[in-house]
file upload.cif (mmCIF, C-alpha atoms and all ligand atoms)
data_target
loop_
_atom_site.label_atom_id
_atom_site.label_comp_id
_atom_site.auth_asym_id
_atom_site.auth_seq_id
_atom_site.Cartn_x
_atom_site.Cartn_y
_atom_site.Cartn_z
CA MET J 1 -20.50 5.68 3.77
CA LYS J 2 -17.50 6.50 1.66
CA LYS J 3 -14.71 4.51 0.12
CA ALA J 4 -11.02 5.23 -0.16
CA LEU J 5 -8.28 3.78 -2.32
CA LEU J 6 -5.09 3.07 -0.36
CA ILE J 7 -2.08 2.92 -2.69
CA VAL J 8 0.72 1.23 -0.77
CA ASP J 9 4.37 2.04 -1.58
CA VAL J 10 4.29 2.44 -5.38
CA GLN J 11 7.82 3.80 -5.18
CA ASN J 12 10.81 3.62 -7.51
CA ASP J 13 12.81 1.36 -5.19
CA PHE J 14 10.12 -1.36 -5.31
CA CYS J 15 9.94 -1.26 -9.11
CA PRO J 16 12.32 -3.03 -11.52
CA GLY J 17 15.76 -1.39 -11.34
CA GLY J 18 15.12 -0.12 -7.81
CA ALA J 19 17.02 -1.06 -4.65
CA LEU J 20 14.35 -3.62 -3.69
CA GLY J 21 12.74 -3.95 -7.08
CA VAL J 22 10.07 -6.64 -7.28
CA LYS J 23 9.19 -8.52 -10.44
CA ASP J 24 6.60 -6.58 -12.45
CA GLY J 25 6.23 -4.04 -9.64
CA ASP J 26 5.69 -1.33 -12.25
CA LYS J 27 2.79 -3.29 -13.79
CA VAL J 28 0.48 -2.20 -10.97
CA VAL J 29 0.72 1.41 -12.12
CA PRO J 30 -1.60 1.33 -15.17
CA VAL J 31 -4.11 -0.77 -13.22
CA ILE J 32 -4.15 1.73 -10.35
CA ASN J 33 -4.37 4.68 -12.76
CA SER J 34 -7.39 3.07 -14.42
CA ILE J 35 -9.40 2.94 -11.16
CA ILE J 36 -8.10 5.98 -9.29
CA ASP J 37 -11.12 8.17 -10.20
CA LYS J 38 -13.66 5.73 -8.73
CA PHE J 39 -13.04 6.61 -5.07
CA ASP J 40 -14.14 9.40 -2.75
CA VAL J 41 -10.64 9.75 -1.38
CA VAL J 42 -7.23 8.55 -2.56
CA ILE J 43 -4.52 7.87 0.02
CA SER J 44 -0.94 6.76 -0.58
CA SER J 45 1.72 5.39 1.71
CA GLN J 46 5.44 5.71 1.21
CA ASP J 47 8.23 3.80 2.89
CA TRP J 48 10.40 6.66 4.18
CA HIS J 49 13.42 5.24 6.00
CA PRO J 50 16.41 6.93 7.64
CA GLU J 51 19.79 5.74 6.32
CA ASP J 52 20.60 3.99 9.61
CA SER J 53 17.29 2.13 9.92
CA VAL J 54 17.44 -1.24 11.72
CA HIS J 55 15.05 -2.36 8.96
CA PHE J 56 18.17 -2.61 6.75
CA GLU J 57 19.40 -5.56 8.80
CA ASN J 58 16.70 -7.52 6.97
CA TRP J 59 16.50 -5.69 3.66
CA PRO J 60 18.83 -3.95 1.25
CA PRO J 61 18.68 -0.21 1.92
CA HIS J 62 15.66 1.23 0.08
CA CYS J 63 13.26 4.18 0.11
CA ILE J 64 15.58 6.44 2.02
CA ALA J 65 13.76 9.67 2.87
CA ASN J 66 14.00 12.38 0.21
CA THR J 67 15.71 10.20 -2.41
CA HIS J 68 14.62 9.24 -5.93
CA GLY J 69 14.06 5.68 -4.70
CA ALA J 70 11.42 6.92 -2.26
CA ASP J 71 9.54 8.90 -4.94
CA PHE J 72 6.38 7.53 -6.51
CA HIS J 73 6.77 5.65 -9.79
CA PRO J 74 6.80 8.50 -12.33
CA ASP J 75 3.71 7.22 -14.20
CA LEU J 76 1.48 6.98 -11.13
CA LYS J 77 -1.21 9.68 -11.27
CA SER J 78 0.06 11.06 -7.98
CA GLU J 79 -1.72 14.39 -8.54
CA LYS J 80 -4.94 12.53 -7.65
CA ILE J 81 -3.71 11.65 -4.16
CA ASP J 82 -5.51 13.48 -1.32
CA LEU J 83 -3.37 12.26 1.58
CA LYS J 84 0.25 11.09 1.49
CA LEU J 85 1.34 8.94 4.43
CA ARG J 86 4.94 8.25 5.42
CA LYS J 87 5.98 5.22 7.45
CA GLY J 88 9.11 3.51 8.68
CA THR J 89 10.46 6.96 9.42
CA ALA J 90 12.16 6.14 12.74
CA ASN J 91 15.35 4.11 12.82
CA LYS J 92 13.84 1.33 14.97
CA ASP J 93 10.67 1.17 12.94
CA ASP J 94 9.93 -1.28 10.09
CA GLY J 95 6.69 0.52 9.36
CA TYR J 96 5.17 -2.18 7.18
CA SER J 97 1.62 -0.94 7.66
CA ALA J 98 0.14 2.34 6.41
CA PHE J 99 -1.61 2.42 9.80
CA GLU J 100 1.84 3.03 11.31
CA ALA J 101 2.25 6.29 9.39
CA THR J 102 3.99 8.88 11.49
CA ASN J 103 2.89 12.10 9.78
CA VAL J 104 -0.90 11.56 10.07
CA SER J 105 -3.11 9.18 12.06
CA LEU J 106 -4.82 7.18 9.32
CA PRO J 107 -7.78 6.02 11.49
CA ASP J 108 -8.46 9.62 12.60
CA TYR J 109 -8.35 10.85 9.00
CA LEU J 110 -10.72 8.10 7.78
CA LEU J 111 -13.14 8.81 10.62
CA GLU J 112 -13.12 12.52 9.88
CA LYS J 113 -13.89 11.86 6.17
CA ASN J 114 -16.63 9.30 6.98
CA ILE J 115 -14.76 6.55 5.18
CA THR J 116 -15.95 3.07 6.07
CA THR J 117 -14.36 1.06 3.29
CA LEU J 118 -10.76 0.76 2.13
CA TYR J 119 -9.55 -0.70 -1.15
CA VAL J 120 -5.89 -1.67 -0.83
CA CYS J 121 -3.45 -1.98 -3.74
CA GLY J 122 0.27 -1.49 -4.43
CA LEU J 123 3.55 -3.01 -3.26
CA THR J 124 4.24 -5.46 -1.81
CA THR J 125 1.63 -8.20 -1.44
CA ASP J 126 3.52 -10.13 1.24
CA TYR J 127 4.71 -7.18 3.38
CA CYS J 128 3.19 -3.73 3.31
CA VAL J 129 -0.06 -4.53 1.46
CA LYS J 130 -0.69 -7.45 3.80
CA ALA J 131 0.16 -5.50 6.97
CA SER J 132 -2.01 -2.56 5.90
CA ALA J 133 -5.00 -4.70 4.90
CA ILE J 134 -4.87 -6.69 8.15
CA ASP J 135 -4.62 -3.52 10.25
CA SER J 136 -7.53 -2.07 8.27
CA ILE J 137 -9.73 -5.00 9.28
CA ASP J 138 -8.53 -4.73 12.90
CA GLU J 139 -9.40 -1.02 12.88
CA GLY J 140 -12.95 -1.90 11.79
CA PHE J 141 -12.95 -0.93 8.12
CA HIS J 142 -14.50 -2.98 5.33
CA THR J 143 -11.38 -3.99 3.46
CA TYR J 144 -10.91 -5.06 -0.13
CA VAL J 145 -7.61 -6.09 -1.72
CA ILE J 146 -7.31 -5.53 -5.47
CA THR J 147 -5.47 -8.65 -6.56
CA ASP J 148 -4.33 -7.49 -10.01
CA ALA J 149 -2.95 -4.24 -8.55
CA ILE J 150 -0.46 -5.82 -6.12
CA LYS J 151 2.91 -7.60 -6.59
CA PRO J 152 4.94 -9.66 -4.10
CA VAL J 153 8.59 -9.77 -3.03
CA ASN J 154 8.40 -13.58 -2.65
CA VAL J 155 11.48 -13.97 -0.46
CA ASN J 156 10.33 -17.60 -0.45
CA ALA J 157 8.33 -19.06 -3.33
CA GLY J 158 4.63 -19.01 -2.51
CA ASP J 159 4.77 -16.13 -0.03
CA ASP J 160 2.28 -14.27 -2.22
CA LYS J 161 -0.27 -17.11 -2.03
CA LYS J 162 0.20 -17.34 1.74
CA ALA J 163 -0.29 -13.59 2.10
CA LEU J 164 -3.51 -13.65 0.05
CA ASP J 165 -4.77 -16.55 2.12
CA GLU J 166 -3.92 -14.75 5.36
CA MET J 167 -5.69 -11.57 4.24
CA TYR J 168 -8.75 -13.53 3.11
CA LYS J 169 -8.93 -15.49 6.38
CA HIS J 170 -8.63 -12.24 8.32
CA GLY J 171 -11.73 -10.88 6.58
CA CYS J 172 -10.40 -9.03 3.55
CA ILE J 173 -12.41 -9.35 0.36
CA LEU J 174 -10.27 -10.16 -2.69
CA VAL J 175 -11.41 -8.46 -5.90
CA GLU J 176 -10.04 -7.67 -9.35
CA SER J 177 -9.94 -4.16 -10.71
CA ASP J 178 -12.55 -4.84 -13.40
CA GLU J 179 -15.03 -5.95 -10.74
CA LEU J 180 -15.13 -2.46 -9.25
CA LYS J 181 -18.47 -1.17 -10.45
CA PHE J 182 -19.77 1.46 -8.09
CA ASP J 183 -23.13 3.22 -8.31
CA SER J 184 -21.83 6.74 -7.88
C1 LIG J 201 8.18 -3.35 1.96
C2 LIG J 201 9.94 -4.76 2.39
C3 LIG J 201 10.58 -3.76 3.06
C4 LIG J 201 6.86 -3.14 1.30
C5 LIG J 201 8.81 -2.34 2.65
O1 LIG J 201 6.54 -1.99 0.91
O2 LIG J 201 6.12 -4.12 1.16
N1 LIG J 201 8.75 -4.55 1.84
N2 LIG J 201 10.02 -2.56 3.20
ZN ZN J 202 10.98 -0.75 3.94
#
call {"tool": "encode", "arguments": {"input": "upload.cif", "output": "structure tokens", "more": "lines below"}}
Ligand code: VGL
Ligand code: ZN
result
Amino acid sequence: MKKALLIVDVQNDFCPGGALGVKDGDKVVPVINSIIDKFDVVISSQDWHPEDSVHFENWPPHCIANTHGADFHPDLKSEKIDLKLRKGTANKDDGYSAFEATNVSLPDYLLEKNITTLYVCGLTTDYCVKASAIDSIDEGFHTYVITDAIKPVNVNAGDDKKALDEMYKHGCILVESDELKFDS
């Protein structure tokens, strides 16, 4: 019975000044760094879009593969990451969920490592965090969402509250980072 931290899309383009920068997106970084050593395994996802992605009909172009915008926020302790997932890599693929990663099958990896529980954090609450947390439940994992380590886009006011409600109703457990007190 092991637990993994899933760090969703803590990338330059989702942080202030980035192509799809969200308010206080960078503020998740110190929170994530403060808990990163508590887990058996640390997994990240990165939005990794081709320039001609259909996804850019709905969003300003962001996180284009192999660009600075697609890199992790420079302060994230990325050297602690065991598995780096890439998603949204095909031009017809939104790839909101880390479970849609194209370079590795996340369920297979978790099974192989005996991970039963996922703690989800990162960007953004109302898109990729939500999609990943809901897929995690659907794939049969105990799923926690770390509410002070996520930030929303809020295309419409209140989208963040709706997303939290949806995750909770789907079976996710909402926790704050200072509640994470593990035995080992
Ligand atoms: C995301 C919008 C577009 C996210 C990705 O990481 O939540 N949001 N692409
Ligand atoms: Zn995207």
call {"tool": "residues_near_ligand", "arguments": {"input": "upload.cif", "ligand": "ligand LIG 201 (chain J)", "cutoff": "6 Å", "atoms": "only C-alpha atoms and all ligand atoms", "output": "MDAnalysis selection string"}}
result
chainID J and resid 9 96 123:124 127:128
call {"tool": "atom_distance", "arguments": {"input": "upload.cif", "atom1": "CA of Glu100 in chain J", "atom2": "CA of Lys87 in chain J"}}
result
6.1 Å
call {"tool": "residues_around", "arguments": {"input": "upload.cif", "residues": "Ala90 in chain J", "least_positions_apart": "3", "cutoff": "12 Å", "atoms": "all atoms listed in the file", "output": "JSON, numbers by chain"}}
result
{"J": [47, 48, 49, 50, 51, 52, 53, 54, 55, 64, 65, 86, 87, 93, 94, 95, 100, 101, 102, 103]}
call {"tool": "write_last_selection", "arguments": {"input": "upload.cif", "atoms": "C-alpha atoms", "output": "compact mmCIF listing (two decimals), in the frame of the given file"}}
result
# COMPACT_ATOMS: atom_id res chain seq x y z
CA ASP J 47 8.23 3.80 2.89
CA TRP J 48 10.40 6.66 4.18
CA HIS J 49 13.42 5.24 6.00
CA PRO J 50 16.41 6.93 7.64
CA GLU J 51 19.79 5.74 6.32
CA ASP J 52 20.60 3.99 9.61
CA SER J 53 17.29 2.13 9.92
CA VAL J 54 17.44 -1.24 11.72
CA HIS J 55 15.05 -2.36 8.96
CA ILE J 64 15.58 6.44 2.02
CA ALA J 65 13.76 9.67 2.87
CA ARG J 86 4.94 8.25 5.42
CA LYS J 87 5.98 5.22 7.45
CA ASP J 93 10.67 1.17 12.94
CA ASP J 94 9.93 -1.28 10.09
CA GLY J 95 6.69 0.52 9.36
CA GLU J 100 1.84 3.03 11.31
CA ALA J 101 2.25 6.29 9.39
CA THR J 102 3.99 8.88 11.49
CA ASN J 103 2.89 12.10 9.78
call {"tool": "closest_residue", "arguments": {"input": "upload.cif", "among": "J:Gly21, J:Gly122, J:Pro61, J:Pro107", "to": "ligand ZN 202 (chain J)", "atoms": "all atoms listed in the file"}}
result
J:Pro61
call {"tool": "atom_distance", "arguments": {"input": "upload.cif", "atom1": "CA of Ala133 in chain J", "atom2": "CA of Tyr119 in chain J"}}
result
8.6 Å
call {"tool": "atom_distance", "arguments": {"input": "upload.cif", "atom1": "CA of Lys161 in chain J", "atom2": "CA of Val145 in chain J"}}
result
13.2 Å
call {"tool": "residues_near_point", "arguments": {"input": "upload.cif", "point": "(-0.2, 0.5, -5.7)", "cutoff": "12 Å", "atoms": "all atoms listed in the file", "output": "PyMOL selection string"}}
result
chain J and resi 5-12+14-15+24-36+42-46+72-73+75-78+81+119-125+128-129+145-152+177
call {"tool": "write_last_selection", "arguments": {"input": "upload.cif", "atoms": "C-alpha atoms", "output": "short mmCIF file (atom, residue, chain, number, x, y, z; two decimals), keeping the file's coordinate frame"}}
result
data_model
loop_
_atom_site.label_atom_id
_atom_site.label_comp_id
_atom_site.auth_asym_id
_atom_site.auth_seq_id
_atom_site.Cartn_x
_atom_site.Cartn_y
_atom_site.Cartn_z
CA LEU J 5 -8.28 3.78 -2.32
CA LEU J 6 -5.09 3.07 -0.36
CA ILE J 7 -2.08 2.92 -2.69
CA VAL J 8 0.72 1.23 -0.77
CA ASP J 9 4.37 2.04 -1.58
CA VAL J 10 4.29 2.44 -5.38
CA GLN J 11 7.82 3.80 -5.18
CA ASN J 12 10.81 3.62 -7.51
CA PHE J 14 10.12 -1.36 -5.31
CA CYS J 15 9.94 -1.26 -9.11
CA ASP J 24 6.60 -6.58 -12.45
CA GLY J 25 6.23 -4.04 -9.64
CA ASP J 26 5.69 -1.33 -12.25
CA LYS J 27 2.79 -3.29 -13.79
CA VAL J 28 0.48 -2.20 -10.97
CA VAL J 29 0.72 1.41 -12.12
CA PRO J 30 -1.60 1.33 -15.17
CA VAL J 31 -4.11 -0.77 -13.22
CA ILE J 32 -4.15 1.73 -10.35
CA ASN J 33 -4.37 4.68 -12.76
CA SER J 34 -7.39 3.07 -14.42
CA ILE J 35 -9.40 2.94 -11.16
CA ILE J 36 -8.10 5.98 -9.29
CA VAL J 42 -7.23 8.55 -2.56
CA ILE J 43 -4.52 7.87 0.02
CA SER J 44 -0.94 6.76 -0.58
CA SER J 45 1.72 5.39 1.71
CA GLN J 46 5.44 5.71 1.21
CA PHE J 72 6.38 7.53 -6.51
CA HIS J 73 6.77 5.65 -9.79
CA ASP J 75 3.71 7.22 -14.20
CA LEU J 76 1.48 6.98 -11.13
CA LYS J 77 -1.21 9.68 -11.27
CA SER J 78 0.06 11.06 -7.98
CA ILE J 81 -3.71 11.65 -4.16
CA TYR J 119 -9.55 -0.70 -1.15
CA VAL J 120 -5.89 -1.67 -0.83
CA CYS J 121 -3.45 -1.98 -3.74
CA GLY J 122 0.27 -1.49 -4.43
CA LEU J 123 3.55 -3.01 -3.26
CA THR J 124 4.24 -5.46 -1.81
CA THR J 125 1.63 -8.20 -1.44
CA CYS J 128 3.19 -3.73 3.31
CA VAL J 129 -0.06 -4.53 1.46
CA VAL J 145 -7.61 -6.09 -1.72
CA ILE J 146 -7.31 -5.53 -5.47
CA THR J 147 -5.47 -8.65 -6.56
CA ASP J 148 -4.33 -7.49 -10.01
CA ALA J 149 -2.95 -4.24 -8.55
CA ILE J 150 -0.46 -5.82 -6.12
CA LYS J 151 2.91 -7.60 -6.59
CA PRO J 152 4.94 -9.66 -4.10
CA SER J 177 -9.94 -4.16 -10.71
#
call {"tool": "closest_residue", "arguments": {"input": "upload.cif", "among": "J:Met1, J:Val153, J:Val104, J:Gly140", "to": "ligand ZN 202 (chain J)", "atoms": "only C-alpha atoms and all ligand atoms"}}
result
J:Val153
call {"tool": "closest_residue", "arguments": {"input": "upload.cif", "among": "J:Ala70, J:Val41, J:Val22, J:Leu174", "to": "Leu110 in chain J", "atoms": "all atoms listed in the file"}}
result
J:Val41
call {"tool": "closest_residue", "arguments": {"input": "upload.cif", "among": "J:Asn66, J:Ala4, J:Phe56, J:Val155", "to": "Leu83 in chain J", "atoms": "all atoms listed in the file"}}
result
J:Ala4
call {"tool": "closest_residue", "arguments": {"input": "upload.cif", "among": "J:Ser136, J:Ser97, J:Asn156, J:Thr67", "to": "ligand ZN 202 (chain J)", "atoms": "all atoms listed in the file"}}
result
J:Ser97
call {"tool": "closest_residue", "arguments": {"input": "upload.cif", "among": "J:Lys80, J:Lys38, J:Lys92, J:Lys3", "to": "ligand ZN 202 (chain J)", "atoms": "all atoms listed in the file"}}
result
J:Lys92
call {"tool": "residues_near_point", "arguments": {"input": "upload.cif", "point": "(20.3, -1.6, -5.6)", "cutoff": "8 Å", "atoms": "all atoms listed in the file", "output": "mmCIF file with C-alpha atoms, in the frame of the given file"}}
result
data_model
loop_
_atom_site.group_PDB
_atom_site.id
_atom_site.type_symbol
_atom_site.label_atom_id
_atom_site.label_comp_id
_atom_site.auth_asym_id
_atom_site.auth_seq_id
_atom_site.Cartn_x
_atom_site.Cartn_y
_atom_site.Cartn_z
ATOM 1 C CA GLY J 17 15.760 -1.390 -11.340
ATOM 2 C CA GLY J 18 15.120 -0.120 -7.810
ATOM 3 C CA ALA J 19 17.020 -1.060 -4.650
ATOM 4 C CA LEU J 20 14.350 -3.620 -3.690
ATOM 5 C CA PRO J 60 18.830 -3.950 1.250
ATOM 6 C CA PRO J 61 18.680 -0.210 1.920
ATOM 7 C CA HIS J 62 15.660 1.230 0.080
#
call {"tool": "build_atoms", "arguments": {"input": "upload.cif", "residues": "range 134-153 of chain J", "atoms": "N, CA, C and O atoms", "output": "PDB file, in the coordinates of the input"}}
result
ATOM      1  N   ILE J 134      -4.526  -6.033   6.885  1.00  0.00           N
ATOM      2  CA  ILE J 134      -4.870  -6.690   8.150  1.00  0.00           C
ATOM      3  C   ILE J 134      -5.149  -5.640   9.235  1.00  0.00           C
ATOM      4  O   ILE J 134      -6.140  -5.738   9.971  1.00  0.00           O
ATOM      5  N   ASP J 135      -4.344  -4.604   9.293  1.00  0.00           N
ATOM      6  CA  ASP J 135      -4.620  -3.520  10.250  1.00  0.00           C
ATOM      7  C   ASP J 135      -5.961  -2.850   9.945  1.00  0.00           C
ATOM      8  O   ASP J 135      -6.679  -2.444  10.857  1.00  0.00           O
ATOM      9  N   SER J 136      -6.270  -2.710   8.672  1.00  0.00           N
ATOM     10  CA  SER J 136      -7.530  -2.070   8.270  1.00  0.00           C
ATOM     11  C   SER J 136      -8.730  -2.840   8.819  1.00  0.00           C
ATOM     12  O   SER J 136      -9.675  -2.256   9.365  1.00  0.00           O
ATOM     13  N   ILE J 137      -8.674  -4.150   8.697  1.00  0.00           N
ATOM     14  CA  ILE J 137      -9.730  -5.000   9.280  1.00  0.00           C
ATOM     15  C   ILE J 137      -9.763  -4.802  10.805  1.00  0.00           C
ATOM     16  O   ILE J 137     -10.828  -4.590  11.398  1.00  0.00           O
ATOM     17  N   ASP J 138      -8.595  -4.849  11.428  1.00  0.00           N
ATOM     18  CA  ASP J 138      -8.530  -4.730  12.900  1.00  0.00           C
ATOM     19  C   ASP J 138      -9.029  -3.372  13.375  1.00  0.00           C
ATOM     20  O   ASP J 138      -9.514  -3.251  14.506  1.00  0.00           O
ATOM     21  N   GLU J 139      -8.912  -2.361  12.523  1.00  0.00           N
ATOM     22  CA  GLU J 139      -9.400  -1.020  12.880  1.00  0.00           C
ATOM     23  C   GLU J 139     -10.888  -0.862  12.562  1.00  0.00           C
ATOM     24  O   GLU J 139     -11.466   0.203  12.771  1.00  0.00           O
ATOM     25  N   GLY J 140     -11.500  -1.904  11.993  1.00  0.00           N
ATOM     26  CA  GLY J 140     -12.950  -1.900  11.790  1.00  0.00           C
ATOM     27  C   GLY J 140     -13.424  -1.435  10.428  1.00  0.00           C
ATOM     28  O   GLY J 140     -14.622  -1.195  10.246  1.00  0.00           O
ATOM     29  N   PHE J 141     -12.540  -1.360   9.462  1.00  0.00           N
ATOM     30  CA  PHE J 141     -12.950  -0.930   8.120  1.00  0.00           C
ATOM     31  C   PHE J 141     -13.275  -2.147   7.245  1.00  0.00           C
ATOM     32  O   PHE J 141     -12.635  -3.190   7.362  1.00  0.00           O
ATOM     33  N   HIS J 142     -14.300  -1.982   6.378  1.00  0.00           N
ATOM     34  CA  HIS J 142     -14.500  -2.980   5.330  1.00  0.00           C
ATOM     35  C   HIS J 142     -13.283  -2.893   4.427  1.00  0.00           C
ATOM     36  O   HIS J 142     -12.916  -1.786   4.007  1.00  0.00           O
ATOM     37  N   THR J 143     -12.681  -4.033   4.143  1.00  0.00           N
ATOM     38  CA  THR J 143     -11.380  -3.990   3.460  1.00  0.00           C
ATOM     39  C   THR J 143     -11.360  -4.907   2.250  1.00  0.00           C
ATOM     40  O   THR J 143     -11.605  -6.120   2.369  1.00  0.00           O
ATOM     41  N   TYR J 144     -11.066  -4.313   1.115  1.00  0.00           N
ATOM     42  CA  TYR J 144     -10.910  -5.060  -0.130  1.00  0.00           C
ATOM     43  C   TYR J 144      -9.443  -5.000  -0.541  1.00  0.00           C
ATOM     44  O   TYR J 144      -8.780  -3.991  -0.322  1.00  0.00           O
ATOM     45  N   VAL J 145      -8.963  -6.075  -1.166  1.00  0.00           N
ATOM     46  CA  VAL J 145      -7.610  -6.090  -1.720  1.00  0.00           C
ATOM     47  C   VAL J 145      -7.752  -6.331  -3.223  1.00  0.00           C
ATOM     48  O   VAL J 145      -8.431  -7.281  -3.649  1.00  0.00           O
ATOM     49  N   ILE J 146      -7.157  -5.465  -4.011  1.00  0.00           N
ATOM     50  CA  ILE J 146      -7.310  -5.530  -5.470  1.00  0.00           C
ATOM     51  C   ILE J 146      -6.170  -6.378  -6.036  1.00  0.00           C
ATOM     52  O   ILE J 146      -5.024  -5.942  -6.149  1.00  0.00           O
ATOM     53  N   THR J 147      -6.503  -7.626  -6.366  1.00  0.00           N
ATOM     54  CA  THR J 147      -5.470  -8.650  -6.560  1.00  0.00           C
ATOM     55  C   THR J 147      -4.637  -8.465  -7.837  1.00  0.00           C
ATOM     56  O   THR J 147      -3.532  -9.002  -7.917  1.00  0.00           O
ATOM     57  N   ASP J 148      -5.148  -7.741  -8.813  1.00  0.00           N
ATOM     58  CA  ASP J 148      -4.330  -7.490 -10.010  1.00  0.00           C
ATOM     59  C   ASP J 148      -3.589  -6.153  -9.912  1.00  0.00           C
ATOM     60  O   ASP J 148      -2.947  -5.731 -10.875  1.00  0.00           O
ATOM     61  N   ALA J 149      -3.645  -5.516  -8.761  1.00  0.00           N
ATOM     62  CA  ALA J 149      -2.950  -4.240  -8.550  1.00  0.00           C
ATOM     63  C   ALA J 149      -1.970  -4.351  -7.387  1.00  0.00           C
ATOM     64  O   ALA J 149      -1.696  -3.369  -6.699  1.00  0.00           O
ATOM     65  N   ILE J 150      -1.476  -5.574  -7.157  1.00  0.00           N
ATOM     66  CA  ILE J 150      -0.460  -5.820  -6.120  1.00  0.00           C
ATOM     67  C   ILE J 150       0.606  -6.759  -6.706  1.00  0.00           C
ATOM     68  O   ILE J 150       0.318  -7.524  -7.630  1.00  0.00           O
ATOM     69  N   LYS J 151       1.829  -6.673  -6.187  1.00  0.00           N
ATOM     70  CA  LYS J 151       2.910  -7.600  -6.590  1.00  0.00           C
ATOM     71  C   LYS J 151       3.727  -7.945  -5.344  1.00  0.00           C
ATOM     72  O   LYS J 151       3.941  -7.095  -4.479  1.00  0.00           O
ATOM     73  N   PRO J 152       4.204  -9.202  -5.283  1.00  0.00           N
ATOM     74  CA  PRO J 152       4.940  -9.660  -4.100  1.00  0.00           C
ATOM     75  C   PRO J 152       6.454  -9.533  -4.215  1.00  0.00           C
ATOM     76  O   PRO J 152       6.991  -9.445  -5.318  1.00  0.00           O
ATOM     77  N   VAL J 153       7.131  -9.591  -3.061  1.00  0.00           N
ATOM     78  CA  VAL J 153       8.590  -9.770  -3.030  1.00  0.00           C
ATOM     79  C   VAL J 153       8.902 -11.251  -3.253  1.00  0.00           C
ATOM     80  O   VAL J 153       9.840 -11.589  -3.969  1.00  0.00           O
TER      81      VAL J 153
END
